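Reproduced below: input-v9.tsv, with TSV, C-alpha atoms.
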```tsv
chain	number	residue	atom	x	y	z
A	1	MET	CA	0.00	0.00	0.00
A	2	GLN	CA	3.05	2.27	0.23
A	3	PRO	CA	3.54	4.56	-2.74
A	4	PRO	CA	6.79	3.86	-4.56
A	5	SER	CA	8.75	6.83	-3.26
A	6	GLU	CA	10.68	7.02	0.02
A	7	THR	CA	9.09	8.40	3.19
A	8	THR	CA	10.58	11.87	2.73
A	9	ASP	CA	8.09	12.26	-0.10
A	10	PRO	CA	5.45	14.80	1.01
A	11	LEU	CA	2.52	12.75	-0.29
A	12	SER	CA	3.70	9.61	1.55
A	13	ARG	CA	4.26	11.63	4.69
A	14	LEU	CA	0.71	12.98	4.55
A	15	MET	CA	-0.66	9.46	4.06
A	16	GLU	CA	1.41	8.23	7.01
A	17	SER	CA	0.06	11.07	9.16
A	18	PHE	CA	-3.50	10.08	8.36
A	19	GLN	CA	-2.72	6.42	8.93
A	20	LYS	CA	-1.64	7.16	12.49
A	21	LEU	CA	-5.23	8.11	13.32
A	22	PRO	CA	-7.38	5.40	14.93
A	23	GLY	CA	-9.49	3.42	12.48
A	24	VAL	CA	-7.65	4.78	9.44
A	25	GLY	CA	-6.00	2.09	7.33
A	26	PRO	CA	-3.69	2.57	4.34
A	27	LYS	CA	-6.58	2.75	1.84
A	28	THR	CA	-8.48	5.39	3.79
A	29	ALA	CA	-5.27	7.33	4.46
A	30	GLN	CA	-4.62	7.44	0.72
A	31	ARG	CA	-8.18	8.56	0.00
A	32	LEU	CA	-8.01	11.32	2.64
A	33	ALA	CA	-4.59	12.52	1.43
A	34	PHE	CA	-5.82	12.80	-2.16
A	35	TYR	CA	-8.94	14.55	-0.96
A	36	VAL	CA	-6.86	17.17	0.85
A	37	LEU	CA	-4.73	17.71	-2.27
A	38	LYS	CA	-7.84	18.26	-4.37
A	39	GLN	CA	-9.17	20.99	-2.06
A	40	PRO	CA	-8.22	24.68	-2.28
A	41	GLU	CA	-5.03	25.75	-0.48
A	42	VAL	CA	-7.02	27.14	2.47
A	43	PHE	CA	-8.37	23.68	3.34
A	44	ALA	CA	-4.96	22.24	4.24
A	45	SER	CA	-3.75	25.42	5.94
A	46	SER	CA	-6.85	25.85	8.13
A	47	PHE	CA	-6.77	22.14	8.98
A	48	ALA	CA	-3.11	22.48	9.98
A	49	GLN	CA	-3.90	25.59	12.00
A	50	ALA	CA	-6.79	23.83	13.76
A	51	LEU	CA	-4.50	20.94	14.73
A	52	ILE	CA	-1.82	23.20	16.18
A	53	THR	CA	-4.20	25.60	17.94
A	54	ALA	CA	-6.24	22.81	19.50
A	55	LYS	CA	-3.17	20.93	20.69
A	56	GLU	CA	-1.65	24.10	22.13
A	57	SER	CA	-4.69	25.56	23.82
A	58	VAL	CA	-6.98	22.67	24.80
A	59	LYS	CA	-6.00	21.30	28.21
A	60	PRO	CA	-7.83	19.49	31.02
A	61	CYS	CA	-9.76	21.90	33.23
A	62	PRO	CA	-7.93	22.18	36.61
A	63	ILE	CA	-11.24	21.66	38.45
A	64	CYS	CA	-13.26	19.07	36.51
A	65	PHE	CA	-10.66	17.72	34.01
A	66	HIS	CA	-12.95	18.29	31.05
A	67	LEU	CA	-10.98	19.37	27.98
A	68	SER	CA	-11.23	23.08	27.29
A	69	SER	CA	-9.26	26.01	25.94
A	70	GLN	CA	-10.19	27.93	29.08
A	71	ALA	CA	-9.04	27.29	32.65
A	72	PRO	CA	-11.32	26.68	34.44
A	73	CYS	CA	-13.54	25.39	31.63
A	74	GLU	CA	-16.71	27.19	30.47
A	75	ILE	CA	-18.90	24.83	32.50
A	76	CYS	CA	-16.99	25.30	35.76
A	77	GLN	CA	-16.99	29.08	35.13
A	78	SER	CA	-20.71	29.28	34.39
A	79	LYS	CA	-22.87	31.05	36.95
A	80	HIS	CA	-25.99	29.42	35.54
A	81	ARG	CA	-25.13	25.85	36.54
A	82	LEU	CA	-26.03	24.15	39.79
A	83	GLN	CA	-22.85	24.40	41.84
A	84	GLN	CA	-23.83	21.63	44.28
A	85	GLN	CA	-24.40	18.92	41.70
A	86	VAL	CA	-21.59	17.00	39.99
A	87	CYS	CA	-21.90	14.33	37.33
A	88	VAL	CA	-18.96	11.92	37.30
A	89	VAL	CA	-18.00	10.63	33.82
A	90	ALA	CA	-15.13	8.56	32.49
A	91	ASP	CA	-14.15	10.67	29.49
A	92	PRO	CA	-14.49	14.25	28.16
A	93	ARG	CA	-16.57	12.81	25.30
A	94	ASP	CA	-19.21	11.84	27.85
A	95	VAL	CA	-19.49	15.51	28.88
A	96	PHE	CA	-20.34	16.41	25.29
A	97	ALA	CA	-22.88	13.58	25.14
A	98	LEU	CA	-24.58	14.80	28.32
A	99	GLU	CA	-24.44	18.45	27.24
A	100	ARG	CA	-26.20	17.59	23.99
A	101	THR	CA	-29.27	16.51	25.95
A	102	GLN	CA	-29.56	20.04	27.44
A	103	GLU	CA	-31.13	18.29	30.45
A	104	TYR	CA	-28.30	18.40	32.93
A	105	ARG	CA	-27.56	21.76	34.55
A	106	GLY	CA	-24.96	20.80	37.15
A	107	LEU	CA	-21.17	20.49	36.94
A	108	TYR	CA	-18.97	17.58	35.85
A	109	HIS	CA	-15.99	15.61	37.00
A	110	VAL	CA	-14.01	13.65	34.42
A	111	LEU	CA	-12.25	10.63	35.94
A	112	GLY	CA	-10.08	10.05	32.88
A	113	GLY	CA	-11.08	6.39	32.66
A	114	VAL	CA	-12.46	3.64	34.85
A	115	ILE	CA	-10.78	1.25	37.27
A	116	SER	CA	-9.34	-1.57	35.20
A	117	PRO	CA	-6.72	-3.74	36.91
A	118	LEU	CA	-6.04	-5.62	33.68
A	119	ASP	CA	-4.95	-2.36	32.02
A	120	GLY	CA	-3.05	-1.28	35.13
A	121	ILE	CA	-5.55	1.46	35.95
A	122	GLY	CA	-6.23	1.71	39.66
A	123	PRO	CA	-8.04	4.47	41.60
A	124	GLU	CA	-4.79	6.44	41.93
A	125	GLN	CA	-4.51	6.75	38.14
A	126	LEU	CA	-7.92	8.43	37.97
A	127	ASN	CA	-9.02	11.93	39.04
A	128	ILE	CA	-10.62	10.62	42.24
A	129	LYS	CA	-8.57	12.54	44.81
A	130	SER	CA	-9.61	15.79	43.14
A	131	LEU	CA	-13.26	14.64	43.23
A	132	LEU	CA	-13.03	14.10	46.99
A	133	GLU	CA	-11.54	17.58	47.37
A	134	ARG	CA	-14.60	19.01	45.65
A	135	THR	CA	-17.14	17.20	47.84
A	136	LEU	CA	-17.19	19.91	50.54
A	137	THR	CA	-19.34	22.16	48.36
A	138	LEU	CA	-21.50	19.39	46.89
A	139	ASP	CA	-24.78	17.85	47.89
A	140	GLU	CA	-25.34	15.50	44.95
A	141	ILE	CA	-23.10	13.27	42.85
A	142	ILE	CA	-24.47	11.45	39.80
A	143	LEU	CA	-22.33	8.59	38.55
A	144	ALA	CA	-22.56	8.32	34.75
A	145	LEU	CA	-19.91	5.67	34.19
A	146	PRO	CA	-20.41	3.09	31.44
A	147	PRO	CA	-22.46	-0.09	32.11
A	148	THR	CA	-19.41	-2.36	31.86
A	149	THR	CA	-17.70	-4.49	34.49
A	150	GLU	CA	-15.08	-1.75	34.91
A	151	GLY	CA	-17.71	0.97	35.03
A	152	ASP	CA	-19.68	-0.98	37.62
A	153	THR	CA	-16.55	-1.57	39.72
A	154	THR	CA	-15.62	2.10	39.60
A	155	SER	CA	-19.17	3.14	40.50
A	156	LEU	CA	-19.19	0.77	43.49
A	157	TYR	CA	-15.75	1.99	44.55
A	158	LEU	CA	-16.86	5.63	44.40
A	159	ALA	CA	-20.16	4.90	46.13
A	160	LYS	CA	-18.29	3.31	49.07
A	161	LEU	CA	-15.79	6.16	49.16
A	162	LEU	CA	-18.55	8.77	49.20
A	163	ALA	CA	-20.87	6.92	51.59
A	164	PRO	CA	-19.51	8.54	54.80
A	165	LEU	CA	-20.13	12.01	53.35
A	166	LYS	CA	-23.50	13.76	53.48
A	167	ILE	CA	-23.95	13.60	49.72
A	168	THR	CA	-26.70	11.99	47.66
A	169	VAL	CA	-24.94	9.55	45.31
A	170	SER	CA	-26.90	8.09	42.41
A	171	ARG	CA	-26.09	6.29	39.19
A	172	ILE	CA	-27.79	6.93	35.84
A	173	ALA	CA	-30.30	4.30	34.73
A	174	PHE	CA	-29.43	1.51	32.33
A	175	GLY	CA	-32.05	-0.33	30.32
A	176	LEU	CA	-33.74	-0.48	26.98
A	177	PRO	CA	-32.78	2.50	24.80
A	178	VAL	CA	-35.62	4.72	23.55
A	179	GLY	CA	-36.91	3.24	20.29
A	180	GLY	CA	-35.30	-0.06	21.22
A	181	ASP	CA	-37.10	-3.34	20.70
A	182	LEU	CA	-37.08	-6.02	23.42
A	183	ASP	CA	-36.68	-8.61	20.69
A	184	TYR	CA	-33.43	-7.01	19.48
A	185	ALA	CA	-31.96	-6.07	22.86
A	186	ASP	CA	-29.16	-8.22	24.29
A	187	SER	CA	-29.82	-10.22	27.45
A	188	LEU	CA	-27.59	-8.03	29.64
A	189	THR	CA	-29.49	-4.90	28.65
A	190	ILE	CA	-32.81	-6.63	29.37
A	191	THR	CA	-31.43	-7.84	32.72
A	192	ARG	CA	-30.41	-4.26	33.54
A	193	ALA	CA	-33.83	-3.00	32.45
A	194	LEU	CA	-35.53	-5.54	34.75
A	195	GLN	CA	-33.24	-4.69	37.66
A	196	GLY	CA	-33.89	-1.00	37.17
A	197	ARG	CA	-37.69	-1.34	36.96
A	198	GLN	CA	-39.65	1.45	38.59
A	199	LEU	CA	-43.13	1.63	40.07
A	200	VAL	CA	-45.60	3.22	37.69
A	201	SER	CA	-48.25	4.12	40.22
B	1	MET	CA	-23.26	16.53	17.95
B	2	GLN	CA	-21.81	20.06	18.25
B	3	PRO	CA	-20.00	20.73	21.51
B	4	PRO	CA	-21.64	23.51	23.53
B	5	SER	CA	-19.11	26.22	22.78
B	6	GLU	CA	-19.08	28.54	19.74
B	7	THR	CA	-17.07	27.69	16.63
B	8	THR	CA	-14.14	29.85	17.64
B	9	ASP	CA	-13.42	27.21	20.25
B	10	PRO	CA	-10.22	25.39	19.21
B	11	LEU	CA	-11.61	21.94	19.98
B	12	SER	CA	-14.77	22.55	17.92
B	13	ARG	CA	-12.67	23.94	15.09
B	14	LEU	CA	-10.52	20.80	15.05
B	15	MET	CA	-13.63	18.59	15.01
B	16	GLU	CA	-15.05	20.65	12.15
B	17	SER	CA	-11.81	20.26	10.22
B	18	PHE	CA	-11.94	16.49	10.57
B	19	GLN	CA	-15.62	16.46	9.66
B	20	LYS	CA	-14.87	18.08	6.31
B	21	LEU	CA	-12.99	14.93	5.28
B	22	PRO	CA	-14.93	12.41	3.19
B	23	GLY	CA	-16.56	9.62	5.20
B	24	VAL	CA	-15.96	11.38	8.53
B	25	GLY	CA	-19.16	12.11	10.44
B	26	PRO	CA	-19.52	14.11	13.67
B	27	LYS	CA	-18.87	11.07	15.92
B	28	THR	CA	-15.68	10.07	14.12
B	29	ALA	CA	-14.53	13.70	13.95
B	30	GLN	CA	-14.91	13.94	17.73
B	31	ARG	CA	-13.02	10.68	18.25
B	32	LEU	CA	-10.17	11.79	15.98
B	33	ALA	CA	-9.94	15.23	17.61
B	34	PHE	CA	-9.71	13.69	21.09
B	35	TYR	CA	-7.13	11.23	19.82
B	36	VAL	CA	-4.95	14.07	18.52
B	37	LEU	CA	-5.23	15.88	21.86
B	38	LYS	CA	-4.13	12.76	23.72
B	39	GLN	CA	-0.97	12.39	21.63
B	40	PRO	CA	2.34	14.14	22.36
B	41	GLU	CA	2.76	17.67	20.98
B	42	VAL	CA	4.85	16.42	18.03
B	43	PHE	CA	1.92	14.41	16.65
B	44	ALA	CA	-0.22	17.47	15.90
B	45	SER	CA	2.70	19.57	14.69
B	46	SER	CA	4.07	16.93	12.30
B	47	PHE	CA	0.54	16.22	11.04
B	48	ALA	CA	0.07	19.96	10.42
B	49	GLN	CA	3.44	20.16	8.69
B	50	ALA	CA	2.62	17.15	6.51
B	51	LEU	CA	-0.65	18.80	5.43
B	52	ILE	CA	0.99	22.07	4.47
B	53	THR	CA	4.05	20.55	2.82
B	54	ALA	CA	2.00	18.09	0.77
B	55	LYS	CA	-0.46	20.73	-0.34
B	56	GLU	CA	2.35	23.12	-1.28
B	57	SER	CA	4.66	20.72	-3.04
B	58	VAL	CA	2.52	17.96	-4.53
B	59	LYS	CA	1.24	18.97	-7.97
B	60	PRO	CA	0.17	17.11	-11.11
B	61	CYS	CA	3.19	16.07	-13.21
B	62	PRO	CA	3.31	18.29	-16.34
B	63	ILE	CA	3.78	15.18	-18.52
B	64	CYS	CA	1.60	12.40	-17.10
B	65	PHE	CA	-0.57	14.33	-14.55
B	66	HIS	CA	0.28	11.90	-11.77
B	67	LEU	CA	0.57	13.70	-8.42
B	68	SER	CA	4.15	14.24	-7.34
B	69	SER	CA	6.38	16.67	-5.49
B	70	GLN	CA	8.75	16.55	-8.48
B	71	ALA	CA	8.17	17.92	-11.96
B	72	PRO	CA	8.29	15.79	-14.00
B	73	CYS	CA	7.35	13.02	-11.59
B	74	GLU	CA	9.74	10.23	-10.53
B	75	ILE	CA	8.17	7.81	-13.00
B	76	CYS	CA	8.45	10.15	-15.99
B	77	GLN	CA	12.04	10.96	-14.94
B	78	SER	CA	13.06	7.32	-14.53
B	79	LYS	CA	15.52	5.94	-17.08
B	80	HIS	CA	14.58	2.38	-16.14
B	81	ARG	CA	11.02	2.52	-17.46
B	82	LEU	CA	9.89	1.63	-20.96
B	83	GLN	CA	9.55	5.00	-22.66
B	84	GLN	CA	7.32	3.72	-25.47
B	85	GLN	CA	4.60	2.23	-23.29
B	86	VAL	CA	1.92	4.32	-21.57
B	87	CYS	CA	-0.82	3.08	-19.28
B	88	VAL	CA	-3.88	5.36	-19.24
B	89	VAL	CA	-5.64	5.58	-15.88
B	90	ALA	CA	-8.47	7.71	-14.51
B	91	ASP	CA	-6.93	8.79	-11.21
B	92	PRO	CA	-3.50	9.13	-9.51
B	93	ARG	CA	-4.63	6.46	-7.04
B	94	ASP	CA	-4.72	3.99	-9.91
B	95	VAL	CA	-1.02	4.67	-10.55
B	96	PHE	CA	-0.25	3.63	-6.96
B	97	ALA	CA	-2.39	0.50	-7.38
B	98	LEU	CA	-0.51	-0.48	-10.54
B	99	GLU	CA	2.88	0.36	-9.04
B	100	ARG	CA	2.19	-1.93	-6.09
B	101	THR	CA	2.05	-4.91	-8.44
B	102	GLN	CA	5.67	-4.19	-9.52
B	103	GLU	CA	4.64	-5.74	-12.84
B	104	TYR	CA	4.27	-2.71	-15.02
B	105	ARG	CA	7.47	-1.02	-16.19
B	106	GLY	CA	6.14	1.59	-18.62
B	107	LEU	CA	4.93	5.15	-18.11
B	108	TYR	CA	1.49	6.47	-17.17
B	109	HIS	CA	-1.04	9.04	-18.24
B	110	VAL	CA	-3.64	10.18	-15.73
B	111	LEU	CA	-6.85	11.38	-17.41
B	112	GLY	CA	-8.21	12.97	-14.25
B	113	GLY	CA	-11.53	11.15	-14.55
B	114	VAL	CA	-13.66	9.43	-17.16
B	115	ILE	CA	-16.17	10.79	-19.66
B	116	SER	CA	-19.43	11.26	-17.78
B	117	PRO	CA	-22.00	13.52	-19.49
B	118	LEU	CA	-24.27	13.35	-16.44
B	119	ASP	CA	-21.53	14.96	-14.33
B	120	GLY	CA	-20.67	17.42	-17.09
B	121	ILE	CA	-17.34	15.72	-17.82
B	122	GLY	CA	-16.61	15.57	-21.52
B	123	PRO	CA	-13.34	14.69	-23.30
B	124	GLU	CA	-12.19	18.33	-23.10
B	125	GLN	CA	-12.29	18.20	-19.27
B	126	LEU	CA	-9.85	15.27	-19.26
B	127	ASN	CA	-6.11	15.16	-20.02
B	128	ILE	CA	-6.71	13.70	-23.48
B	129	LYS	CA	-5.12	16.43	-25.62
B	130	SER	CA	-1.87	15.98	-23.69
B	131	LEU	CA	-2.09	12.22	-24.26
B	132	LEU	CA	-2.33	12.74	-28.03
B	133	GLU	CA	0.69	15.03	-27.87
B	134	ARG	CA	2.68	12.20	-26.29
B	135	THR	CA	1.72	9.60	-28.91
B	136	LEU	CA	4.59	10.51	-31.27
B	137	THR	CA	7.10	8.68	-29.06
B	138	LEU	CA	4.83	5.75	-28.11
B	139	ASP	CA	4.22	2.35	-29.57
B	140	GLU	CA	1.82	0.92	-26.99
B	141	ILE	CA	-1.07	2.33	-24.98
B	142	ILE	CA	-2.76	0.23	-22.30
B	143	LEU	CA	-6.17	1.48	-21.18
B	144	ALA	CA	-6.69	0.74	-17.48
B	145	LEU	CA	-9.95	2.61	-16.99
B	146	PRO	CA	-12.57	1.21	-14.61
B	147	PRO	CA	-15.07	-1.42	-15.81
B	148	THR	CA	-18.03	0.96	-15.54
B	149	THR	CA	-20.27	2.43	-18.22
B	150	GLU	CA	-18.24	5.65	-18.08
B	151	GLY	CA	-14.95	3.76	-18.14
B	152	ASP	CA	-16.13	1.72	-21.11
B	153	THR	CA	-17.28	4.86	-22.94
B	154	THR	CA	-13.96	6.58	-22.33
B	155	SER	CA	-12.02	3.51	-23.44
B	156	LEU	CA	-14.05	3.31	-26.66
B	157	TYR	CA	-13.59	7.03	-27.26
B	158	LEU	CA	-9.82	6.79	-26.80
B	159	ALA	CA	-9.57	3.63	-28.89
B	160	LYS	CA	-11.30	5.42	-31.80
B	161	LEU	CA	-9.15	8.49	-31.35
B	162	LEU	CA	-5.95	6.44	-31.34
B	163	ALA	CA	-6.97	4.06	-34.13
B	164	PRO	CA	-5.45	6.13	-36.98
B	165	LEU	CA	-2.06	6.16	-35.24
B	166	LYS	CA	0.44	3.34	-35.46
B	167	ILE	CA	0.08	2.39	-31.81
B	168	THR	CA	-1.00	-0.85	-30.21
B	169	VAL	CA	-4.00	-0.02	-28.02
B	170	SER	CA	-5.20	-2.60	-25.49
B	171	ARG	CA	-7.42	-2.61	-22.45
B	172	ILE	CA	-6.69	-4.50	-19.22
B	173	ALA	CA	-8.72	-7.68	-18.68
B	174	PHE	CA	-11.84	-7.77	-16.55
B	175	GLY	CA	-13.14	-10.98	-15.05
B	176	LEU	CA	-13.17	-13.08	-11.94
B	177	PRO	CA	-10.72	-11.73	-9.32
B	178	VAL	CA	-8.00	-14.10	-8.11
B	179	GLY	CA	-9.40	-16.11	-5.21
B	180	GLY	CA	-12.91	-15.20	-6.34
B	181	ASP	CA	-15.67	-17.77	-6.39
B	182	LEU	CA	-18.02	-18.05	-9.39
B	183	ASP	CA	-20.87	-18.59	-6.97
B	184	TYR	CA	-20.22	-15.23	-5.24
B	185	ALA	CA	-19.35	-13.19	-8.32
B	186	ASP	CA	-21.97	-10.78	-9.69
B	187	SER	CA	-23.47	-11.46	-13.09
B	188	LEU	CA	-21.72	-8.54	-14.78
B	189	THR	CA	-18.30	-9.78	-13.65
B	190	ILE	CA	-19.10	-13.28	-14.90
B	191	THR	CA	-20.32	-11.81	-18.19
B	192	ARG	CA	-17.04	-9.90	-18.51
B	193	ALA	CA	-15.09	-13.04	-17.63
B	194	LEU	CA	-16.93	-14.98	-20.36
B	195	GLN	CA	-16.43	-12.22	-22.92
B	196	GLY	CA	-12.72	-12.08	-22.10
B	197	ARG	CA	-12.18	-15.84	-22.30
B	198	GLN	CA	-8.85	-16.89	-23.78
B	199	LEU	CA	-7.72	-20.03	-25.58
B	200	VAL	CA	-5.77	-22.35	-23.31
B	201	SER	CA	-4.12	-24.44	-26.00
```
Please lay out the structure from this file as structure tokens.
Amino acid sequence: MQPPSETTDPLSRLMESFQKLPGVGPKTAQRLAFYVLKQPEVFASSFAQALITAKESVKPCPICFHLSSQAPCEICQSKHRLQQQVCVVADPRDVFALERTQEYRGLYHVLGGVISPLDGIGPEQLNIKSLLERTLTLDEIILALPPTTEGDTTSLYLAKLLAPLKITVSRIAFGLPVGGDLDYADSLTITRALQGRQLVS
Amino acid sequence: MQPPSETTDPLSRLMESFQKLPGVGPKTAQRLAFYVLKQPEVFASSFAQALITAKESVKPCPICFHLSSQAPCEICQSKHRLQQQVCVVADPRDVFALERTQEYRGLYHVLGGVISPLDGIGPEQLNIKSLLERTLTLDEIILALPPTTEGDTTSLYLAKLLAPLKITVSRIAFGLPVGGDLDYADSLTITRALQGRQLVS
């Protein structure tokens, strides 16, 4: 899949750059590189600028560890958010997912992963100490960690850790997705949906 | 899928840049942007450099219209290639595909597309005039245009155009791919394979 020229060739170097991205194989890298070359000059230059600016300016927020070009991030700075409520997520992407719902009005805390002994990730590798430091001003913590073994472990760990404090700790509900069909749902999801059943009257 | 901040936000701008690439939707753009941010500083800067350098230096070869940072391109410059043989392809990507086989030792001519009246592409939009100008020094032209209606039309058009000249004009074979199973091949491919049948003894 390598073009015939050596790697100092600008076209090959561009393909290699694309190929370093996750999920981009040699074929896709070639297609993307040719696409860039077909665009007007400004396409490549603004893309390059976006890469450099983002890498330079976007850092984890010192309070909640969400990625932002401001410190503290826009959410931590906002006066319109509930300052006593924190939603704990594994990844900055989860913050975006929750923000898209426009339902949640509290703050966030990004752990930076979940406890996973197999990957060498223990509680000390995550932003848990900083979460505890924030608890003084909080009265509710919502755990929105993924419904995986690791997510469950981390949620249990945090729930135990937070139990002695006077804070309401809850975990988001897991079950059948909206529009989902029981017939197509996997058994674990159905099990979770059964476990999480709620009284209707 | 848009993050909550305005488009002057560096992270959003990086996501938007990725999303302009073909086949990259908002989810993938977000994933790629976060990936870049997680990498060391040099990743973004060398990616940016590769984009700018490629866009600045890679241009169509003035002879064969293959993309290259040299003019003429390495293939046209090479003394080890058959100077009388030209393979006509639609796109620079096809040159890479043929080069990977290490079978073909002649030169190339990139048309820049195929005749497609529906897309407003006629013979005058393609690098056909420049091909005719090269014919003086050639004794063989191999048409390697895609086995589509447009590719067939373009091949026929070129074959007619080249017929008065003393040049052998051939088209690459279409049929069952190596490792392909008759049972899984589509009818058109089988039809092409039948039409292109060759005597075995």
Just checking: using only C-alpha atoms, which residue out of B:Glu133, B:Glu140, B:Glu99, B:Glu150 ends up closest to chain A? B:Glu99
Got a sec to check which residues sit within 7 Å of (-0.6, 23.5, 13.1), counting all atoms listed in the file, and write them as a list of chain:residue names?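 All residues meeting the 7 Å criterion around (-0.6, 23.5, 13.1) are A:Ala48, A:Gln49, A:Ala50, A:Leu51, A:Ile52, A:Thr53, B:Ala44, B:Ser45, B:Ala48, B:Gln49.
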Kindly determine which residues of chain A lie within 8 Å of chain B, considering all atoms listed in the file, and give the answer as a PDB file with C-alpha atoms, keeping the file's coordinate frame.
```
ATOM      1  CA  MET A   1       0.000   0.000   0.000  1.00  0.00           C
ATOM      2  CA  GLN A   2       3.050   2.270   0.230  1.00  0.00           C
ATOM      3  CA  PRO A   3       3.540   4.560  -2.740  1.00  0.00           C
ATOM      4  CA  PRO A   4       6.790   3.860  -4.560  1.00  0.00           C
ATOM      5  CA  ASP A   9       8.090  12.260  -0.100  1.00  0.00           C
ATOM      6  CA  PRO A  10       5.450  14.800   1.010  1.00  0.00           C
ATOM      7  CA  LEU A  11       2.520  12.750  -0.290  1.00  0.00           C
ATOM      8  CA  ARG A  13       4.260  11.630   4.690  1.00  0.00           C
ATOM      9  CA  LEU A  14       0.710  12.980   4.550  1.00  0.00           C
ATOM     10  CA  SER A  17       0.060  11.070   9.160  1.00  0.00           C
ATOM     11  CA  PHE A  18      -3.500  10.080   8.360  1.00  0.00           C
ATOM     12  CA  LEU A  21      -5.230   8.110  13.320  1.00  0.00           C
ATOM     13  CA  PRO A  22      -7.380   5.400  14.930  1.00  0.00           C
ATOM     14  CA  GLN A  30      -4.620   7.440   0.720  1.00  0.00           C
ATOM     15  CA  LEU A  32      -8.010  11.320   2.640  1.00  0.00           C
ATOM     16  CA  TYR A  35      -8.940  14.550  -0.960  1.00  0.00           C
ATOM     17  CA  VAL A  36      -6.860  17.170   0.850  1.00  0.00           C
ATOM     18  CA  LEU A  37      -4.730  17.710  -2.270  1.00  0.00           C
ATOM     19  CA  GLU A  41      -5.030  25.750  -0.480  1.00  0.00           C
ATOM     20  CA  ALA A  44      -4.960  22.240   4.240  1.00  0.00           C
ATOM     21  CA  SER A  45      -3.750  25.420   5.940  1.00  0.00           C
ATOM     22  CA  SER A  46      -6.850  25.850   8.130  1.00  0.00           C
ATOM     23  CA  PHE A  47      -6.770  22.140   8.980  1.00  0.00           C
ATOM     24  CA  ALA A  48      -3.110  22.480   9.980  1.00  0.00           C
ATOM     25  CA  GLN A  49      -3.900  25.590  12.000  1.00  0.00           C
ATOM     26  CA  ALA A  50      -6.790  23.830  13.760  1.00  0.00           C
ATOM     27  CA  LEU A  51      -4.500  20.940  14.730  1.00  0.00           C
ATOM     28  CA  ILE A  52      -1.820  23.200  16.180  1.00  0.00           C
ATOM     29  CA  THR A  53      -4.200  25.600  17.940  1.00  0.00           C
ATOM     30  CA  ALA A  54      -6.240  22.810  19.500  1.00  0.00           C
ATOM     31  CA  LYS A  55      -3.170  20.930  20.690  1.00  0.00           C
ATOM     32  CA  GLU A  56      -1.650  24.100  22.130  1.00  0.00           C
ATOM     33  CA  SER A  57      -4.690  25.560  23.820  1.00  0.00           C
ATOM     34  CA  VAL A  58      -6.980  22.670  24.800  1.00  0.00           C
ATOM     35  CA  SER A  68     -11.230  23.080  27.290  1.00  0.00           C
ATOM     36  CA  SER A  69      -9.260  26.010  25.940  1.00  0.00           C
ATOM     37  CA  ARG A  93     -16.570  12.810  25.300  1.00  0.00           C
ATOM     38  CA  PHE A  96     -20.340  16.410  25.290  1.00  0.00           C
ATOM     39  CA  ALA A  97     -22.880  13.580  25.140  1.00  0.00           C
ATOM     40  CA  GLU A  99     -24.440  18.450  27.240  1.00  0.00           C
ATOM     41  CA  ARG A 100     -26.200  17.590  23.990  1.00  0.00           C
TER      42      ARG A 100
END
```
Coordinates-based distance that separates CA of Ile167 (chain B) from CA of Ile142 (chain B) (Å, one decimal): 10.2 Å
So how many Å separate CA of Lys129 (chain A) and CA of Ile172 (chain A), to one decimal?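 Computed distance, CA of Lys129 (chain A) to CA of Ile172 (chain A), equals 21.9 Å.
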Counting all atoms listed in the file, figure out which residue out of B:Arg197, B:His66, B:His80, B:Arg192 gets nearest to Gly175 (chain B). B:Arg192
Taking 3 positions as the minimum chain separation for residues in the same chain, which residues sit within 12 Å of Ala90 (chain A) when counting all atoms listed in the file? Answer as number ranges by chain. A: 64-66, 87, 93-97, 108-116, 126-128, 143-148, 150-152, 154-155
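For the atom pair formed by CA of Ala193 (chain B) and CA of Ser170 (chain B), the distance is 16.4 Å, given to one decimal.
Those residues that approach Val169 (chain A) to within 12 Å, counting only C-alpha atoms, are Gln85, Val86, Cys87, Val88, Thr135, Leu138, Asp139, Glu140, Ile141, Ile142, Leu143, Ala144, Ser155, Leu156, Tyr157, Leu158, Ala159, Lys160, Leu161, Leu162, Ala163, Pro164, Leu165, Lys166 and Ile172 of chain A; same-chain residues fewer than 3 positions away are not listed.
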Which residues are close to Leu182 (chain B), i.e. within 12 Å by only C-alpha atoms, leaving aside same-chain residues fewer than 6 positions away? Reply as a PyMOL selection string. chain B and resi 175-176+188-191+193-194
